[in-house]
Amino acid sequence: MKRLEGLDQIGFTIDKKHDCACGVVNGYKFIVSFHPQARQYSIMTTIKSIEETGVLSNYLDTMDKGEFINWVSYSNNILVVNIKNHKNLSVSDIDRIIRNIADFAYQNGYVQICRHCGQETSVEACSLNGQNELMCSSCLTQYSMNVPQPKQANLALGIVGALVGSLIGVVVWVVIYKMGFVAGITGFIMAVCCLKGYELLGKSLDKKGIVIALIIAVVMLAAAEMISLGLEILDVYGSYYGISFFDAMQSVPFFLEESEVLAAVIEDLAFGYIFMIAASFTYVRNMYKSVSSDGVIERIG
Ligand SMILES: [Zn+2]
């Protein structure tokens, strides 16, 4: 089974944007979510019994987990089955797991409820702050009206924060360079420090903030390389010619005219940037996703 492909064959509606599919079995609404980072699936529904005897928990504890189920939980009226993204997992396996649970719940008098208001009612699938959720239509309306507005980021302070954060990246780059390495991971550290710096001082990280922080990271990585080069010049010529660090920094452009030096600098930077992109990609994508979903409530399916 590839992601959620094929779940429409068992009557579920696939929502690619939220990586989930929802459908009704035995009158209970289920959401099947795919978690790309963890490479897992989860099946979720919200049910309760008027006279809870623990029969459902017992059933889940003792049920045959087979080769696909990681774990099962039922607490606060939320039932979750976590499933491995196993190469042999098929739509009919998901269907069987859902049906077994729905049959057991039905035979034992469990009813669908909205976990937000606790009422026995039909529920709708929605995405709340990036989480796939089930809630009744009146709770959904209430949430939609009271969605907290994301905090406004302070642009100027955010930039200051990113610059301060970048200094950590510069120090790491320079120190590692001095030890005779160009470690790609520094590209990652630089990006993270700039993003965190922006978030800390700017109070929030919006999309504009992500772009600005990454531009600062790119520029400061080049600055770190220039400082490393300046320090190397100082090392080699400092005591002989009696020049200061600032003299050495001023001479950097002349050294860059040497094609050999320039080639080495370009190679160092290319290495740093490739790792910056490769290592930052997941981090930035996750952050971008959470920034985009903060304070967003959407109906699914
Ligand atoms: Zn409700």
# chains A, B, ... in the order shown; residues from 1 in each chain; ligands from 1
$ closest_atom_pairs --of "chain A" --to "ligand 1" --cutoff "6 Å" --atoms "only C-alpha atoms and all ligand atoms" --output "JSON lines"
{"residue": "A:Cys114", "atom": "CA", "partner": "ligand 1", "partner_atom_place_in_ligand_line": "1 (Zn)", "distance": 4.5}
{"residue": "A:His116", "atom": "CA", "partner": "ligand 1", "partner_atom_place_in_ligand_line": "1 (Zn)", "distance": 4.9}
{"residue": "A:Cys117", "atom": "CA", "partner": "ligand 1", "partner_atom_place_in_ligand_line": "1 (Zn)", "distance": 4.1}
{"residue": "A:Met135", "atom": "CA", "partner": "ligand 1", "partner_atom_place_in_ligand_line": "1 (Zn)", "distance": 5.3}
{"residue": "A:Cys136", "atom": "CA", "partner": "ligand 1", "partner_atom_place_in_ligand_line": "1 (Zn)", "distance": 4.2}
{"residue": "A:Ser138", "atom": "CA", "partner": "ligand 1", "partner_atom_place_in_ligand_line": "1 (Zn)", "distance": 5.9}
{"residue": "A:Cys139", "atom": "CA", "partner": "ligand 1", "partner_atom_place_in_ligand_line": "1 (Zn)", "distance": 4.3}
$ write_last_selection --atoms "N, CA and C atoms" --output "mmCIF file, in the first residue's frame"
data_model
loop_
_atom_site.group_PDB
_atom_site.id
_atom_site.type_symbol
_atom_site.label_atom_id
_atom_site.label_comp_id
_atom_site.auth_asym_id
_atom_site.auth_seq_id
_atom_site.Cartn_x
_atom_site.Cartn_y
_atom_site.Cartn_z
ATOM 1 N N CYS A 114 -18.525 13.192 20.356
ATOM 2 C CA CYS A 114 -17.594 14.279 20.063
ATOM 3 C C CYS A 114 -16.747 14.440 21.318
ATOM 4 N N HIS A 116 -14.860 16.728 22.166
ATOM 5 C CA HIS A 116 -14.712 18.108 22.639
ATOM 6 C C HIS A 116 -15.851 18.516 23.567
ATOM 7 N N CYS A 117 -17.084 18.074 23.234
ATOM 8 C CA CYS A 117 -18.198 18.429 24.109
ATOM 9 C C CYS A 117 -18.726 17.209 24.858
ATOM 10 N N MET A 135 -14.866 15.987 15.327
ATOM 11 C CA MET A 135 -15.688 16.763 16.264
ATOM 12 C C MET A 135 -17.058 17.018 15.671
ATOM 13 N N CYS A 136 -18.014 17.331 16.537
ATOM 14 C CA CYS A 136 -19.380 17.551 16.059
ATOM 15 C C CYS A 136 -19.450 18.903 15.364
ATOM 16 N N SER A 138 -21.315 21.460 15.825
ATOM 17 C CA SER A 138 -21.404 22.689 16.607
ATOM 18 C C SER A 138 -20.051 23.048 17.231
ATOM 19 N N CYS A 139 -19.280 22.022 17.627
ATOM 20 C CA CYS A 139 -17.923 22.319 18.129
ATOM 21 C C CYS A 139 -17.061 22.892 17.007
#
$ residues_around --residues "Ala248 in chain A" --least-positions-apart "5" --cutoff "7 Å" --atoms "only C-alpha atoms" --output "JSON, numbers by chain"
{"A": [230, 233, 234, 243]}
$ residues_around --residues "Glu225 in chain A" --least-positions-apart "6" --cutoff "9 Å" --atoms "only C-alpha atoms" --output "list in words"
Val170, Trp173, Val174, Tyr177, Val265, Asp268 and Leu269 of chain A
$ write_last_selection --atoms "N, CA and C atoms" --output "mmCIF file, in the first residue's frame"
data_model
loop_
_atom_site.group_PDB
_atom_site.id
_atom_site.type_symbol
_atom_site.label_atom_id
_atom_site.label_comp_id
_atom_site.auth_asym_id
_atom_site.auth_seq_id
_atom_site.Cartn_x
_atom_site.Cartn_y
_atom_site.Cartn_z
ATOM 1 N N VAL A 170 28.760 31.072 12.753
ATOM 2 C CA VAL A 170 30.053 31.590 12.285
ATOM 3 C C VAL A 170 31.170 31.028 13.165
ATOM 4 N N TRP A 173 31.788 27.355 12.407
ATOM 5 C CA TRP A 173 32.455 27.204 11.103
ATOM 6 C C TRP A 173 33.945 27.536 11.220
ATOM 7 N N VAL A 174 34.232 28.691 11.861
ATOM 8 C CA VAL A 174 35.612 29.157 11.976
ATOM 9 C C VAL A 174 36.449 28.164 12.788
ATOM 10 N N TYR A 177 36.985 25.008 10.796
ATOM 11 C CA TYR A 177 37.908 25.324 9.700
ATOM 12 C C TYR A 177 39.342 25.331 10.219
ATOM 13 N N VAL A 265 37.908 28.253 -1.945
ATOM 14 C CA VAL A 265 36.814 28.907 -1.209
ATOM 15 C C VAL A 265 35.464 28.465 -1.774
ATOM 16 N N ASP A 268 34.743 24.982 -0.589
ATOM 17 C CA ASP A 268 34.306 24.979 0.816
ATOM 18 C C ASP A 268 32.839 25.390 0.927
ATOM 19 N N LEU A 269 32.529 26.512 0.240
ATOM 20 C CA LEU A 269 31.169 27.059 0.372
ATOM 21 C C LEU A 269 30.132 26.135 -0.255
#
$ select_by_dssp --residues "range 86-156 of chain A" --states "helix (DSSP H, G or I)" --output "PyMOL selection string"
chain A and resi 91-107+137-145+155-156
$ residues_around --residues "range 284-300 of chain A" --least-positions-apart "2" --cutoff "7 Å" --atoms "only C-alpha atoms" --output "PyMOL selection string"
chain A and resi 15+125-130+144+147-150+206-207+280-282
$ atom_distance --atom1 "CA of Gln152 in chain A" --atom2 "CA of Lys203 in chain A"
7.7 Å
$ atom_distance --atom1 "CA of Asn108 in chain A" --atom2 "CA of Ile14 in chain A"
29.2 Å
$ closest_residue --among "A:Met190, A:Val72, A:Met226, A:Ile176" --to "Leu256 in chain A" --atoms "only C-alpha atoms"
A:Met226
$ select_by_dssp --residues "range 123-228 of chain A" --states "strand (DSSP E)" --output "list of chain:residue names"
A:Glu124, A:Ala125, A:Cys126, A:Ser127, A:Leu128, A:Gln131, A:Asn132, A:Glu133, A:Leu134, A:Met135
$ closest_residue --among "A:Lys17, A:Lys84, A:Lys2, A:Lys196" --to "Gly209 in chain A" --atoms "only C-alpha atoms"
A:Lys196
$ atom_distance --atom1 "CA of Val55 in chain A" --atom2 "CA of Ser42 in chain A"
21.7 Å
$ residues_around --residues "Gln9 in chain A" --least-positions-apart "5" --cutoff "10 Å" --atoms "only C-alpha atoms" --output "compact mmCIF listing (two decimals) with C-alpha atoms, in the first residue's frame"
# COMPACT_ATOMS: atom_id res chain seq x y z
CA VAL A 91 -6.01 -1.87 1.89
CA SER A 92 -7.80 -5.05 2.95
CA ASP A 95 -10.25 -2.61 6.25
$ closest_residue --among "A:Gly187, A:Gly109, A:Gly202, A:Gly242" --to "Gly272 in chain A" --atoms "only C-alpha atoms"
A:Gly187
$ closest_residue --among "A:Gly180, A:Ile215, A:Ile97, A:Gly118" --to "Asp64 in chain A" --atoms "only C-alpha atoms"
A:Ile97
$ residues_around --residues "Ala162 in chain A" --least-positions-apart "3" --cutoff "10 Å" --atoms "only C-alpha atoms" --output "number ranges by chain"
A: 157-159, 165-167, 190-202, 209-210, 212-217
$ closest_residue --among "A:Asp235, A:Ile94, A:Ile266, A:Glu67" --to "Asp8 in chain A" --atoms "only C-alpha atoms"
A:Ile94
$ decode --residues "range 41-64 of chain A" --atoms "N, CA and C atoms" --output "tab-separated table (two decimals), in the first residue's frame"
chain	number	residue	atom	x	y	z
A	41	TYR	N	1.00	4.61	9.97
A	41	TYR	CA	-0.40	4.98	9.80
A	41	TYR	C	-1.05	5.03	11.18
A	42	SER	N	-2.12	5.83	11.31
A	42	SER	CA	-2.92	5.69	12.51
A	42	SER	C	-4.39	5.67	12.11
A	43	ILE	N	-5.14	4.81	12.82
A	43	ILE	CA	-6.59	4.74	12.62
A	43	ILE	C	-7.20	5.33	13.89
A	44	MET	N	-8.13	6.26	13.76
A	44	MET	CA	-8.65	6.92	14.95
A	44	MET	C	-10.17	7.06	14.88
A	45	THR	N	-10.80	6.85	16.03
A	45	THR	CA	-12.22	7.20	16.15
A	45	THR	C	-12.49	7.61	17.59
A	46	THR	N	-13.62	8.25	17.82
A	46	THR	CA	-13.96	8.71	19.18
A	46	THR	C	-15.28	8.06	19.59
A	47	ILE	N	-15.19	7.12	20.55
A	47	ILE	CA	-16.39	6.38	20.96
A	47	ILE	C	-16.41	6.22	22.47
A	48	LYS	N	-17.62	6.00	23.01
A	48	LYS	CA	-17.67	5.67	24.43
A	48	LYS	C	-18.89	4.79	24.71
A	49	SER	N	-18.83	4.14	25.87
A	49	SER	CA	-19.95	3.31	26.29
A	49	SER	C	-20.60	4.00	27.48
A	50	ILE	N	-21.94	3.95	27.52
A	50	ILE	CA	-22.64	4.63	28.63
A	50	ILE	C	-22.22	4.00	29.95
A	51	GLU	N	-22.15	2.67	29.95
A	51	GLU	CA	-21.68	2.00	31.16
A	51	GLU	C	-20.33	1.35	30.87
A	52	GLU	N	-19.30	2.12	31.08
A	52	GLU	CA	-17.97	1.63	30.74
A	52	GLU	C	-17.53	0.52	31.70
A	53	THR	N	-17.27	-0.66	31.13
A	53	THR	CA	-16.83	-1.78	31.97
A	53	THR	C	-15.39	-2.16	31.65
A	54	GLY	N	-14.80	-1.41	30.72
A	54	GLY	CA	-13.41	-1.72	30.34
A	54	GLY	C	-13.31	-2.84	29.33
A	55	VAL	N	-14.48	-3.24	28.77
A	55	VAL	CA	-14.49	-4.37	27.86
A	55	VAL	C	-13.72	-4.07	26.57
A	56	LEU	N	-13.80	-2.80	26.12
A	56	LEU	CA	-13.09	-2.44	24.89
A	56	LEU	C	-11.57	-2.44	25.12
A	57	SER	N	-11.15	-1.85	26.25
A	57	SER	CA	-9.71	-1.85	26.57
A	57	SER	C	-9.19	-3.27	26.66
A	58	ASN	N	-9.98	-4.15	27.29
A	58	ASN	CA	-9.61	-5.56	27.41
A	58	ASN	C	-9.43	-6.19	26.04
A	59	TYR	N	-10.41	-5.91	25.19
A	59	TYR	CA	-10.39	-6.47	23.83
A	59	TYR	C	-9.12	-6.01	23.10
A	60	LEU	N	-8.82	-4.70	23.22
A	60	LEU	CA	-7.66	-4.16	22.51
A	60	LEU	C	-6.36	-4.73	23.07
A	61	ASP	N	-6.33	-4.91	24.42
A	61	ASP	CA	-5.12	-5.47	25.04
A	61	ASP	C	-4.84	-6.88	24.54
A	62	THR	N	-5.91	-7.65	24.37
A	62	THR	CA	-5.71	-9.08	24.08
A	62	THR	C	-5.86	-9.43	22.61
A	63	MET	N	-6.25	-8.44	21.79
A	63	MET	CA	-6.47	-8.77	20.37
A	63	MET	C	-5.16	-9.17	19.69
A	64	ASP	N	-5.30	-9.95	18.62
A	64	ASP	CA	-4.13	-10.39	17.88
A	64	ASP	C	-3.60	-9.19	17.08
